[in-house]
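> Here you go, work.pdb (PDB, C-alpha atoms):
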ATOM      1  CA  MET A 192     -14.474 -24.490 -13.306
ATOM      2  CA  LEU A 193     -11.965 -22.582 -15.390
ATOM      3  CA  ILE A 194      -9.595 -19.875 -14.170
ATOM      4  CA  ARG A 195      -8.553 -17.489 -16.920
ATOM      5  CA  ASP A 196      -7.502 -13.867 -17.428
ATOM      6  CA  ALA A 197     -10.321 -11.415 -16.781
ATOM      7  CA  LEU A 198     -11.741  -9.658 -19.844
ATOM      8  CA  PRO A 199     -13.504  -6.297 -19.902
ATOM      9  CA  ALA A 200     -16.707  -8.225 -20.634
ATOM     10  CA  ASP A 201     -16.403  -9.989 -17.252
ATOM     11  CA  TRP A 202     -16.764  -6.772 -15.256
ATOM     12  CA  PRO A 203     -20.604  -6.719 -15.208
ATOM     13  CA  GLN A 204     -20.466 -10.090 -13.442
ATOM     14  CA  ILE A 205     -17.660  -9.079 -11.049
ATOM     15  CA  TRP A 206     -19.117  -5.769  -9.896
ATOM     16  CA  PRO A 207     -22.254  -7.102  -8.105
ATOM     17  CA  PHE A 208     -20.335  -9.410  -5.759
ATOM     18  CA  LEU A 209     -17.369  -7.075  -5.390
ATOM     19  CA  ARG A 210     -19.771  -4.292  -4.361
ATOM     20  CA  ARG A 211     -21.515  -6.603  -1.919
ATOM     21  CA  ILE A 212     -18.241  -7.719  -0.305
ATOM     22  CA  VAL A 213     -16.861  -4.188  -0.052
ATOM     23  CA  ALA A 214     -20.153  -2.763   1.251
ATOM     24  CA  ALA A 215     -20.225  -5.359   4.037
ATOM     25  CA  GLY A 216     -17.054  -3.711   5.383
ATOM     26  CA  GLU A 217     -15.781  -6.870   7.067
ATOM     27  CA  THR A 218     -12.833  -7.947   4.921
ATOM     28  CA  TYR A 219     -11.612  -5.141   2.637
ATOM     29  CA  THR A 220      -9.925  -1.813   3.346
ATOM     30  CA  TRP A 221     -11.894  -0.180   0.560
ATOM     31  CA  ASP A 222     -14.384   2.640   0.749
ATOM     32  CA  PRO A 223     -17.654   0.703   1.304
ATOM     33  CA  ASP A 224     -19.392   3.205  -0.992
ATOM     34  CA  VAL A 225     -16.833   2.865  -3.791
ATOM     35  CA  THR A 226     -18.161   3.918  -7.190
ATOM     36  CA  GLU A 227     -18.259   1.420 -10.020
ATOM     37  CA  ASP A 228     -15.671   3.370 -12.051
ATOM     38  CA  ARG A 229     -13.270   3.510  -9.128
ATOM     39  CA  ALA A 230     -13.808  -0.163  -8.332
ATOM     40  CA  ARG A 231     -13.100  -1.175 -11.923
ATOM     41  CA  ALA A 232      -9.870   0.834 -11.908
ATOM     42  CA  LEU A 233      -8.816  -0.719  -8.582
ATOM     43  CA  TRP A 234      -9.688  -4.291  -9.494
ATOM     44  CA  LEU A 235      -8.409  -4.463 -13.089
ATOM     45  CA  PRO A 236      -4.819  -3.260 -12.667
ATOM     46  CA  GLU A 237      -2.535  -1.799 -15.315
ATOM     47  CA  PRO A 238       0.122  -4.169 -16.699
ATOM     48  CA  PRO A 239       2.232  -5.804 -15.361
ATOM     49  CA  GLY A 240      -0.702  -6.316 -13.009
ATOM     50  CA  ARG A 241      -3.430  -8.715 -14.093
ATOM     51  CA  ALA A 242      -6.826  -9.948 -12.982
ATOM     52  CA  VAL A 243      -8.261 -13.433 -13.335
ATOM     53  CA  VAL A 244     -11.730 -14.901 -12.969
ATOM     54  CA  ALA A 245     -13.016 -18.322 -11.893
ATOM     55  CA  VAL A 246     -15.793 -19.275 -14.302
ATOM     56  CA  ALA A 247     -18.343 -22.075 -14.006
ATOM     57  CA  ASP A 248     -19.200 -24.264 -16.977
ATOM     58  CA  ASP A 249     -22.278 -22.134 -17.650
ATOM     59  CA  GLY A 250     -20.191 -18.950 -17.815
ATOM     60  CA  THR A 251     -21.024 -17.663 -14.333
ATOM     61  CA  VAL A 252     -18.137 -15.711 -12.761
ATOM     62  CA  MET A 253     -17.835 -17.189  -9.263
ATOM     63  CA  GLY A 254     -14.756 -15.360  -8.084
ATOM     64  CA  SER A 255     -11.904 -13.115  -9.130
ATOM     65  CA  ALA A 256      -8.386 -12.214  -8.109
ATOM     66  CA  LYS A 257      -5.847  -9.561  -9.000
ATOM     67  CA  LEU A 258      -2.067  -9.785  -8.995
ATOM     68  CA  HIS A 259       0.308  -6.812  -9.178
ATOM     69  CA  PRO A 260       3.579  -5.513  -7.738
ATOM     70  CA  ASN A 261       3.044  -4.780  -4.045
ATOM     71  CA  GLN A 262       5.434  -1.844  -4.298
ATOM     72  CA  ALA A 263       6.929  -0.068  -7.326
ATOM     73  CA  GLY A 264      10.507   0.298  -8.523
ATOM     74  CA  PRO A 265      13.008  -1.475  -6.243
ATOM     75  CA  GLY A 266      10.125  -3.265  -4.493
ATOM     76  CA  ALA A 267       8.378  -4.569  -7.620
ATOM     77  CA  HIS A 268       9.737  -8.115  -7.305
ATOM     78  CA  VAL A 269       7.273  -8.790  -4.444
ATOM     79  CA  ALA A 270       3.726  -9.406  -5.606
ATOM     80  CA  GLY A 271       0.548  -8.297  -3.955
ATOM     81  CA  ALA A 272      -2.782  -9.963  -4.607
ATOM     82  CA  SER A 273      -6.450  -9.729  -3.657
ATOM     83  CA  PHE A 274      -9.214 -12.291  -3.862
ATOM     84  CA  MET A 275     -13.010 -12.206  -3.890
ATOM     85  CA  VAL A 276     -15.380 -15.139  -4.082
ATOM     86  CA  HIS A 277     -19.049 -14.558  -4.870
ATOM     87  CA  PRO A 278     -20.796 -15.101  -1.501
ATOM     88  CA  ASP A 279     -23.426 -17.240  -3.214
ATOM     89  CA  HIS A 280     -20.674 -19.687  -4.225
ATOM     90  CA  ALA A 281     -18.627 -19.763  -1.011
ATOM     91  CA  GLY A 282     -17.387 -23.046   0.459
ATOM     92  CA  ARG A 283     -16.729 -24.726  -2.886
ATOM     93  CA  GLY A 284     -12.944 -24.325  -2.981
ATOM     94  CA  ILE A 285     -12.989 -21.357  -5.340
ATOM     95  CA  GLY A 286     -10.775 -19.254  -3.093
ATOM     96  CA  ARG A 287      -8.220 -22.036  -2.799
ATOM     97  CA  ALA A 288      -8.223 -22.645  -6.564
ATOM     98  CA  LEU A 289      -7.760 -18.918  -7.203
ATOM     99  CA  GLY A 290      -4.969 -18.794  -4.616
ATOM    100  CA  GLU A 291      -3.088 -21.712  -6.159
ATOM    101  CA  HIS A 292      -3.508 -20.229  -9.637
ATOM    102  CA  VAL A 293      -2.298 -16.787  -8.602
ATOM    103  CA  ILE A 294       0.719 -18.171  -6.740
ATOM    104  CA  ALA A 295       1.745 -20.129  -9.836
ATOM    105  CA  ARG A 296       1.092 -17.131 -12.053
ATOM    106  CA  ALA A 297       3.168 -14.866  -9.826
ATOM    107  CA  ARG A 298       6.051 -17.326  -9.926
ATOM    108  CA  ALA A 299       5.797 -17.482 -13.734
ATOM    109  CA  ASP A 300       5.737 -13.676 -13.876
ATOM    110  CA  GLY A 301       9.078 -13.632 -12.063
ATOM    111  CA  TYR A 302       8.022 -12.393  -8.641
ATOM    112  CA  ARG A 303      10.209 -13.634  -5.786
ATOM    113  CA  ALA A 304       7.616 -13.433  -3.013
ATOM    114  CA  MET A 305       4.006 -12.534  -2.336
ATOM    115  CA  GLN A 306       2.747 -10.214   0.381
ATOM    116  CA  PHE A 307      -0.712  -9.330   1.643
ATOM    117  CA  ASN A 308      -0.723  -5.981   3.429
ATOM    118  CA  ALA A 309      -4.074  -6.124   5.139
ATOM    119  CA  VAL A 310      -5.694  -9.462   5.974
ATOM    120  CA  VAL A 311      -8.384  -8.766   8.571
ATOM    121  CA  ALA A 312      -7.524 -10.831  11.647
ATOM    122  CA  THR A 313     -11.152 -11.851  12.201
ATOM    123  CA  ASN A 314     -11.390 -13.219   8.639
ATOM    124  CA  THR A 315     -10.381 -16.645   9.916
ATOM    125  CA  PRO A 316     -11.263 -18.616   6.761
ATOM    126  CA  ALA A 317      -8.939 -16.385   4.726
ATOM    127  CA  VAL A 318      -6.150 -16.521   7.306
ATOM    128  CA  ALA A 319      -6.422 -20.334   7.448
ATOM    129  CA  LEU A 320      -6.442 -20.603   3.648
ATOM    130  CA  TRP A 321      -3.309 -18.471   3.258
ATOM    131  CA  ARG A 322      -1.521 -20.373   6.015
ATOM    132  CA  SER A 323      -2.351 -23.632   4.249
ATOM    133  CA  LEU A 324      -0.924 -22.180   1.030
ATOM    134  CA  GLY A 325       2.401 -21.367   2.683
ATOM    135  CA  PHE A 326       1.905 -17.846   3.983
ATOM    136  CA  ALA A 327       3.028 -16.740   7.426
ATOM    137  CA  VAL A 328       1.852 -13.781   9.464
ATOM    138  CA  LEU A 329       4.861 -11.435   9.640
ATOM    139  CA  ALA A 330       3.077  -8.927  11.852
ATOM    140  CA  THR A 331      -0.348  -7.853  12.979
ATOM    141  CA  VAL A 332      -0.946  -4.115  12.872
ATOM    142  CA  PRO A 333      -2.965  -3.512  16.033
ATOM    143  CA  GLU A 334      -6.497  -2.102  15.758
ATOM    144  CA  ALA A 335      -5.898  -1.168  12.125
ATOM    145  CA  PHE A 336      -9.338  -2.253  10.890
ATOM    146  CA  ARG A 337     -12.680  -0.973  12.149
ATOM    147  CA  HIS A 338     -14.963  -3.999  11.909
ATOM    148  CA  PRO A 339     -18.726  -3.352  11.943
ATOM    149  CA  VAL A 340     -19.292  -6.150  14.490
ATOM    150  CA  HIS A 341     -15.986  -6.702  16.299
ATOM    151  CA  GLY A 342     -14.762  -3.101  16.527
ATOM    152  CA  PHE A 343     -11.067  -2.334  16.094
ATOM    153  CA  VAL A 344      -9.249  -5.511  15.065
ATOM    154  CA  GLY A 345      -5.783  -6.241  13.724
ATOM    155  CA  LEU A 346      -4.606  -6.395  10.130
ATOM    156  CA  HIS A 347      -2.168  -9.193   9.340
ATOM    157  CA  VAL A 348       0.787  -8.674   7.038
ATOM    158  CA  MET A 349       1.161 -12.113   5.415
ATOM    159  CA  HIS A 350       4.032 -13.289   3.223
ATOM    160  CA  ARG A 351       5.519 -16.248   1.453
ATOM    161  CA  ARG A 352       8.474 -16.764  -0.848
ATOM    162  CA  LEU A 353       7.770 -18.056  -4.345
TER     163      LEU A 353
ATOM    164  CA  MET B  31      12.456  27.327   9.132
ATOM    165  CA  LEU B  32       8.702  27.182   8.686
ATOM    166  CA  ILE B  33       6.624  24.056   8.058
ATOM    167  CA  ARG B  34       3.375  24.784   6.261
ATOM    168  CA  ASP B  35       0.900  23.156   3.865
ATOM    169  CA  ALA B  36       2.362  22.647   0.406
ATOM    170  CA  LEU B  37       0.961  24.879  -2.334
ATOM    171  CA  PRO B  38       0.892  24.092  -6.047
ATOM    172  CA  ALA B  39       3.543  26.809  -6.452
ATOM    173  CA  ASP B  40       5.945  24.754  -4.289
ATOM    174  CA  TRP B  41       6.066  21.840  -6.719
ATOM    175  CA  PRO B  42       8.849  23.273  -8.958
ATOM    176  CA  GLN B  43      11.080  23.319  -5.874
ATOM    177  CA  ILE B  44      10.022  19.855  -4.658
ATOM    178  CA  TRP B  45      10.429  18.003  -7.953
ATOM    179  CA  PRO B  46      14.235  18.393  -8.369
ATOM    180  CA  PHE B  47      15.101  16.809  -5.016
ATOM    181  CA  LEU B  48      12.256  14.305  -5.146
ATOM    182  CA  ARG B  49      13.501  13.164  -8.561
ATOM    183  CA  ARG B  50      17.057  12.921  -7.266
ATOM    184  CA  ILE B  51      16.042  10.840  -4.235
ATOM    185  CA  VAL B  52      13.805   8.513  -6.251
ATOM    186  CA  ALA B  53      16.358   8.106  -9.052
ATOM    187  CA  ALA B  54      19.021   7.051  -6.531
ATOM    188  CA  GLY B  55      16.858   3.996  -5.802
ATOM    189  CA  GLU B  56      18.128   3.571  -2.245
ATOM    190  CA  THR B  57      15.202   4.622  -0.081
ATOM    191  CA  TYR B  58      11.921   4.728  -2.029
ATOM    192  CA  THR B  59       9.796   2.002  -3.612
ATOM    193  CA  TRP B  60       8.996   4.279  -6.533
ATOM    194  CA  ASP B  61       9.818   3.820 -10.192
ATOM    195  CA  PRO B  62      13.247   5.517 -10.404
ATOM    196  CA  ASP B  63      12.219   6.953 -13.794
ATOM    197  CA  VAL B  64       8.914   8.351 -12.547
ATOM    198  CA  THR B  65       7.516  11.118 -14.743
ATOM    199  CA  GLU B  66       6.943  14.545 -13.275
ATOM    200  CA  ASP B  67       3.158  14.293 -13.715
ATOM    201  CA  ARG B  68       3.021  10.947 -11.974
ATOM    202  CA  ALA B  69       5.312  12.158  -9.186
ATOM    203  CA  ARG B  70       3.144  15.218  -8.577
ATOM    204  CA  ALA B  71       0.033  13.047  -8.354
ATOM    205  CA  LEU B  72       1.767  10.661  -5.939
ATOM    206  CA  TRP B  73       3.270  13.336  -3.715
ATOM    207  CA  LEU B  74       0.373  15.802  -3.464
ATOM    208  CA  PRO B  75      -2.458  13.539  -2.299
ATOM    209  CA  GLU B  76      -6.196  14.120  -2.636
ATOM    210  CA  PRO B  77      -7.988  15.265   0.536
ATOM    211  CA  PRO B  78      -8.101  14.082   3.294
ATOM    212  CA  GLY B  79      -4.432  13.576   2.427
ATOM    213  CA  ARG B  80      -2.150  16.584   2.646
ATOM    214  CA  ALA B  81       1.421  17.567   1.865
ATOM    215  CA  VAL B  82       3.625  19.979   3.791
ATOM    216  CA  VAL B  83       6.916  21.705   3.058
ATOM    217  CA  ALA B  84       9.803  22.870   5.250
ATOM    218  CA  VAL B  85      10.797  26.306   4.019
ATOM    219  CA  ALA B  86      13.911  28.329   4.865
ATOM    220  CA  ASP B  87      13.695  32.033   5.646
ATOM    221  CA  ASP B  88      14.705  32.815   2.069
ATOM    222  CA  GLY B  89      11.850  30.714   0.671
ATOM    223  CA  THR B  90      13.927  27.655  -0.251
ATOM    224  CA  VAL B  91      11.991  24.406   0.100
ATOM    225  CA  MET B  92      14.350  22.126   2.055
ATOM    226  CA  GLY B  93      12.061  19.152   2.535
ATOM    227  CA  SER B  94       8.538  17.884   2.190
ATOM    228  CA  ALA B  95       6.214  15.273   3.637
ATOM    229  CA  LYS B  96       2.840  13.826   2.804
ATOM    230  CA  LEU B  97       0.187  12.434   5.137
ATOM    231  CA  HIS B  98      -2.780  10.323   4.071
ATOM    232  CA  PRO B  99      -4.855   7.296   5.129
ATOM    233  CA  ASN B 100      -2.641   4.211   4.881
ATOM    234  CA  GLN B 101      -5.666   2.157   3.828
ATOM    235  CA  ALA B 102      -9.151   3.216   2.736
ATOM    236  CA  GLY B 103     -12.564   2.583   4.272
ATOM    237  CA  PRO B 104     -12.388   0.579   7.509
ATOM    238  CA  GLY B 105      -8.590   1.126   7.598
ATOM    239  CA  ALA B 106      -8.614   4.884   7.122
ATOM    240  CA  HIS B 107      -8.024   5.707  10.802
ATOM    241  CA  VAL B 108      -4.361   4.679  10.437
ATOM    242  CA  ALA B 109      -2.212   7.283   8.716
ATOM    243  CA  GLY B 110       0.593   6.694   6.302
ATOM    244  CA  ALA B 111       3.285   9.276   5.634
ATOM    245  CA  SER B 112       6.374   9.838   3.500
ATOM    246  CA  PHE B 113       9.256  12.230   3.956
ATOM    247  CA  MET B 114      11.944  13.693   1.722
ATOM    248  CA  VAL B 115      14.703  16.099   2.690
ATOM    249  CA  HIS B 116      16.674  17.898   0.003
ATOM    250  CA  PRO B 117      20.067  16.109   0.026
ATOM    251  CA  ASP B 118      21.842  19.490  -0.038
ATOM    252  CA  HIS B 119      20.232  20.328   3.319
ATOM    253  CA  ALA B 120      20.605  16.975   5.093
ATOM    254  CA  GLY B 121      21.832  16.781   8.693
ATOM    255  CA  ARG B 122      20.102  19.938   9.839
ATOM    256  CA  GLY B 123      17.165  18.378  11.657
ATOM    257  CA  ILE B 124      14.683  18.951   8.846
ATOM    258  CA  GLY B 125      13.537  15.331   8.798
ATOM    259  CA  ARG B 126      12.940  15.363  12.541
ATOM    260  CA  ALA B 127      11.048  18.662  12.371
ATOM    261  CA  LEU B 128       8.890  17.312   9.546
ATOM    262  CA  GLY B 129       8.297  14.092  11.476
ATOM    263  CA  GLU B 130       7.204  15.903  14.626
ATOM    264  CA  HIS B 131       4.961  18.200  12.602
ATOM    265  CA  VAL B 132       3.316  15.350  10.698
ATOM    266  CA  ILE B 133       2.732  13.292  13.859
ATOM    267  CA  ALA B 134       0.993  16.274  15.474
ATOM    268  CA  ARG B 135      -0.976  16.939  12.312
ATOM    269  CA  ALA B 136      -2.091  13.331  12.052
ATOM    270  CA  ARG B 137      -3.263  13.395  15.660
ATOM    271  CA  ALA B 138      -5.175  16.623  14.975
ATOM    272  CA  ASP B 139      -6.707  15.067  11.864
ATOM    273  CA  GLY B 140      -8.106  12.268  14.058
ATOM    274  CA  TYR B 141      -5.880   9.360  13.033
ATOM    275  CA  ARG B 142      -5.366   6.780  15.775
ATOM    276  CA  ALA B 143      -1.987   5.467  14.609
ATOM    277  CA  MET B 144       0.672   5.947  11.952
ATOM    278  CA  GLN B 145       2.209   3.199   9.841
ATOM    279  CA  PHE B 146       5.087   3.150   7.376
ATOM    280  CA  ASN B 147       4.805   0.205   4.997
ATOM    281  CA  ALA B 148       8.265   0.208   3.487
ATOM    282  CA  VAL B 149      11.209   1.673   5.402
ATOM    283  CA  VAL B 150      14.374   0.335   3.748
ATOM    284  CA  ALA B 151      16.308  -1.555   6.425
ATOM    285  CA  THR B 152      19.647  -0.112   5.275
ATOM    286  CA  ASN B 153      18.321   3.449   5.621
ATOM    287  CA  THR B 154      19.644   3.562   9.172
ATOM    288  CA  PRO B 155      19.260   7.330   9.706
ATOM    289  CA  ALA B 156      15.551   7.057   8.883
ATOM    290  CA  VAL B 157      15.060   3.948  11.032
ATOM    291  CA  ALA B 158      16.821   5.661  13.962
ATOM    292  CA  LEU B 159      14.789   8.834  13.504
ATOM    293  CA  TRP B 160      11.467   6.972  13.516
ATOM    294  CA  ARG B 161      12.470   4.915  16.540
ATOM    295  CA  SER B 162      13.350   8.112  18.388
ATOM    296  CA  LEU B 163       9.918   9.490  17.478
ATOM    297  CA  GLY B 164       8.146   6.500  19.006
ATOM    298  CA  PHE B 165       7.858   4.069  16.115
ATOM    299  CA  ALA B 166       8.553   0.357  16.464
ATOM    300  CA  VAL B 167       9.422  -2.155  13.763
ATOM    301  CA  LEU B 168       6.436  -4.515  13.640
ATOM    302  CA  ALA B 169       7.991  -6.724  10.972
ATOM    303  CA  THR B 170      10.710  -6.778   8.350
ATOM    304  CA  VAL B 171       9.627  -8.131   4.992
ATOM    305  CA  PRO B 172      12.655 -10.158   3.891
ATOM    306  CA  GLU B 173      14.493  -9.183   0.714
ATOM    307  CA  ALA B 174      11.631  -6.929  -0.330
ATOM    308  CA  PHE B 175      13.852  -4.089  -1.629
ATOM    309  CA  ARG B 176      16.481  -4.374  -4.348
ATOM    310  CA  HIS B 177      19.167  -1.930  -3.251
ATOM    311  CA  PRO B 178      21.654  -0.775  -5.910
ATOM    312  CA  VAL B 179      24.612  -1.347  -3.550
ATOM    313  CA  HIS B 180      23.476  -3.860  -0.919
ATOM    314  CA  GLY B 181      21.312  -6.125  -3.083
ATOM    315  CA  PHE B 182      18.093  -7.554  -1.660
ATOM    316  CA  VAL B 183      17.439  -6.022   1.756
ATOM    317  CA  GLY B 184      14.442  -5.968   4.090
ATOM    318  CA  LEU B 185      11.604  -3.476   4.273
ATOM    319  CA  HIS B 186      10.480  -2.537   7.761
ATOM    320  CA  VAL B 187       6.828  -2.064   8.629
ATOM    321  CA  MET B 188       6.965   0.630  11.323
ATOM    322  CA  HIS B 189       4.114   1.795  13.527
ATOM    323  CA  ARG B 190       3.178   3.982  16.447
ATOM    324  CA  ARG B 191      -0.076   4.899  18.144
ATOM    325  CA  LEU B 192      -1.052   8.566  18.184
TER     326      LEU B 192
END
Can I see the file as structure tokens?


Amino acid sequence: MLIRDALPADWPQIWPFLRRIVAAGETYTWDPDVTEDRARALWLPEPPGRAVVAVADDGTVMGSAKLHPNQAGPGAHVAGASFMVHPDHAGRGIGRALGEHVIARARADGYRAMQFNAVVATNTPAVALWRSLGFAVLATVPEAFRHPVHGFVGLHVMHRRL
Amino acid sequence: MLIRDALPADWPQIWPFLRRIVAAGETYTWDPDVTEDRARALWLPEPPGRAVVAVADDGTVMGSAKLHPNQAGPGAHVAGASFMVHPDHAGRGIGRALGEHVIARARADGYRAMQFNAVVATNTPAVALWRSLGFAVLATVPEAFRHPVHGFVGLHVMHRRL
């Protein structure tokens, strides 16, 4: 598996699993009916933001991540990031590899910390992964996510220094 | 003083004080050199977002606020909001009047809570105002704001139910 910068030509492989993850409505605060144009604009950020992909030896895109300033101007030294792993390739360490890559990339880009604004509290694999990669839960915004199965659940604000 | 929905014709009165507040770099995580077009797009949100203005009897716009979903999709029941008072009219209760108006408006719009993602910890008048209007600090993201005088200071995540 290789992790490299995303190219425009990768989008047709990203969109099917991104759409599936967003439509499920269990982990992302995105419109579940997001259009492809809007999704592309949200997932492939303007510089200094960047997106990366995790690619199998046969060229299959198995996951993707984006990295960008979490706030603008005087807050731009704290990174934000988002991660999606193709559900058909879950459980193979792709999320962890993307996380480690993005943390290193953020450090190289000069960010001083990384913050996730909205980690769904019931997404226990993600919460455990980020804890294992050095993130702490700074706060849980109560009932901030309407989960299709669990109802109103919390959104974690997670953070680590770089 | 009247608080009403912002109209496109209000923008020429909003932009001078918005630019001044953003350029000072002490309270907003915006690019201090934001262009007017970008600022207009950021401040006057798409529906269901809305912007309001506080207008003096003589038609002077003394402050403005915007209200919008803080997250999309399954997070859209929590409002976000931003407030600016013309520095020449500070200390006259305009921020409080805007805050009370926006809280009532958010409740009427069906939001269940309101969250501020990035209240600069050194902006003590704002922090005190929001506390007095029922907000609590859920977390302070350490050193997340580069203040031109105080250096790296925290950003409060503030929240209240509606």

> Please, which residues of chain B lie no more than 6 Å from chain A when the count uses all atoms listed in the file, and can they be set out as an MDAnalysis selection string?

chainID B and resid 59:61 101:105 168:169 174:176

> Got a sec: who's within 10 Å of Val82 of chain B, counting all atoms listed in the file, leaving out chain neighbours fewer than 2 positions off, as an mmCIF file with C-alpha atoms, keeping the file's coordinate frame?


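Final output, saved to result-v3.cif:
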data_model
loop_
_atom_site.group_PDB
_atom_site.id
_atom_site.type_symbol
_atom_site.label_atom_id
_atom_site.label_comp_id
_atom_site.auth_asym_id
_atom_site.auth_seq_id
_atom_site.Cartn_x
_atom_site.Cartn_y
_atom_site.Cartn_z
ATOM 1 C CA ILE B 33 6.624 24.056 8.058
ATOM 2 C CA ARG B 34 3.375 24.784 6.261
ATOM 3 C CA ASP B 35 0.900 23.156 3.865
ATOM 4 C CA ALA B 36 2.362 22.647 0.406
ATOM 5 C CA LEU B 37 0.961 24.879 -2.334
ATOM 6 C CA ASP B 40 5.945 24.754 -4.289
ATOM 7 C CA LEU B 74 0.373 15.802 -3.464
ATOM 8 C CA ARG B 80 -2.150 16.584 2.646
ATOM 9 C CA ALA B 84 9.803 22.870 5.250
ATOM 10 C CA VAL B 85 10.797 26.306 4.019
ATOM 11 C CA GLY B 93 12.061 19.152 2.535
ATOM 12 C CA SER B 94 8.538 17.884 2.190
ATOM 13 C CA ALA B 95 6.214 15.273 3.637
ATOM 14 C CA LYS B 96 2.840 13.826 2.804
ATOM 15 C CA LEU B 97 0.187 12.434 5.137
ATOM 16 C CA PHE B 113 9.256 12.230 3.956
ATOM 17 C CA LEU B 128 8.890 17.312 9.546
ATOM 18 C CA HIS B 131 4.961 18.200 12.602
ATOM 19 C CA VAL B 132 3.316 15.350 10.698
#

> Determine, counting all atoms listed in the file, which protein, DNA and RNA residues have an atom within 12 Å of an atom of Pro38 of chain B; residues of the same chain fewer than 3 positions away are not included. Present the result as a list of chain:residue names.

B:Asp35, B:Trp41, B:Pro42, B:Gln43, B:Ile44, B:Trp45, B:Arg70, B:Ala71, B:Trp73, B:Leu74, B:Pro75, B:Arg80, B:Ala81, B:Val82, B:Val83

> Which of these residues is nearest to Leu32 of chain B, using all atoms listed in the file: B:Gly125, B:Gly110, B:Gly89, B:Pro155?

B:Gly89

> Given the choices A:Ala288, A:Met253, A:Asn314, A:Arg283, which gets closest to Val344 of chain A if the distance is worked out from only C-alpha atoms?

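Ranking A:Ala288, A:Met253, A:Asn314, A:Arg283 by distance to Val344 of chain A, first place goes to A:Asn314.
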
> Give me, as a PDB file with C-alpha atoms, keeping the file's coordinate frame, all polymer residues having an atom no more than 12 Å from Ala317 of chain A, counting all atoms listed in the file and skipping those fewer than 2 positions away in the same chain.


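Listed below is the output, selection_6.pdb:
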ATOM      1  CA  GLU A 217     -15.781  -6.870   7.067  1.00  0.00           C
ATOM      2  CA  THR A 218     -12.833  -7.947   4.921  1.00  0.00           C
ATOM      3  CA  TYR A 219     -11.612  -5.141   2.637  1.00  0.00           C
ATOM      4  CA  SER A 273      -6.450  -9.729  -3.657  1.00  0.00           C
ATOM      5  CA  PHE A 274      -9.214 -12.291  -3.862  1.00  0.00           C
ATOM      6  CA  MET A 275     -13.010 -12.206  -3.890  1.00  0.00           C
ATOM      7  CA  VAL A 276     -15.380 -15.139  -4.082  1.00  0.00           C
ATOM      8  CA  ALA A 281     -18.627 -19.763  -1.011  1.00  0.00           C
ATOM      9  CA  GLY A 282     -17.387 -23.046   0.459  1.00  0.00           C
ATOM     10  CA  GLY A 284     -12.944 -24.325  -2.981  1.00  0.00           C
ATOM     11  CA  ILE A 285     -12.989 -21.357  -5.340  1.00  0.00           C
ATOM     12  CA  GLY A 286     -10.775 -19.254  -3.093  1.00  0.00           C
ATOM     13  CA  ARG A 287      -8.220 -22.036  -2.799  1.00  0.00           C
ATOM     14  CA  GLY A 290      -4.969 -18.794  -4.616  1.00  0.00           C
ATOM     15  CA  PHE A 307      -0.712  -9.330   1.643  1.00  0.00           C
ATOM     16  CA  ALA A 309      -4.074  -6.124   5.139  1.00  0.00           C
ATOM     17  CA  VAL A 310      -5.694  -9.462   5.974  1.00  0.00           C
ATOM     18  CA  VAL A 311      -8.384  -8.766   8.571  1.00  0.00           C
ATOM     19  CA  ALA A 312      -7.524 -10.831  11.647  1.00  0.00           C
ATOM     20  CA  THR A 313     -11.152 -11.851  12.201  1.00  0.00           C
ATOM     21  CA  ASN A 314     -11.390 -13.219   8.639  1.00  0.00           C
ATOM     22  CA  THR A 315     -10.381 -16.645   9.916  1.00  0.00           C
ATOM     23  CA  ALA A 319      -6.422 -20.334   7.448  1.00  0.00           C
ATOM     24  CA  LEU A 320      -6.442 -20.603   3.648  1.00  0.00           C
ATOM     25  CA  TRP A 321      -3.309 -18.471   3.258  1.00  0.00           C
ATOM     26  CA  ARG A 322      -1.521 -20.373   6.015  1.00  0.00           C
ATOM     27  CA  SER A 323      -2.351 -23.632   4.249  1.00  0.00           C
ATOM     28  CA  LEU A 324      -0.924 -22.180   1.030  1.00  0.00           C
ATOM     29  CA  PHE A 326       1.905 -17.846   3.983  1.00  0.00           C
ATOM     30  CA  HIS A 347      -2.168  -9.193   9.340  1.00  0.00           C
ATOM     31  CA  MET A 349       1.161 -12.113   5.415  1.00  0.00           C
TER      32      MET A 349
END

> Find the distance between atom CA of Ala230 of chain A and atom CA of Asp139 of chain B and write it in Å to one decimal.

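Result for atom CA of Ala230 of chain A versus atom CA of Asp139 of chain B: 26.3 Å, one decimal.
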
> What is the distance, in Å and to one decimal place, between atom CA of Ala54 of chain B and atom CA of Gly181 of chain B?

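Calculated distance between atom CA of Ala54 of chain B and atom CA of Gly181 of chain B is 13.8 Å.
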
> Given the choices B:Ile133, B:His119, B:Ala111, B:Pro99, which gets closest to Gly164 of chain B if the distance is worked out from all atoms listed in the file?

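Nearest to Gly164 of chain B: B:Ile133.
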
> In Å, how far is it from atom CA of His259 of chain A to atom CA of Asp279 of chain A?

26.6 Å
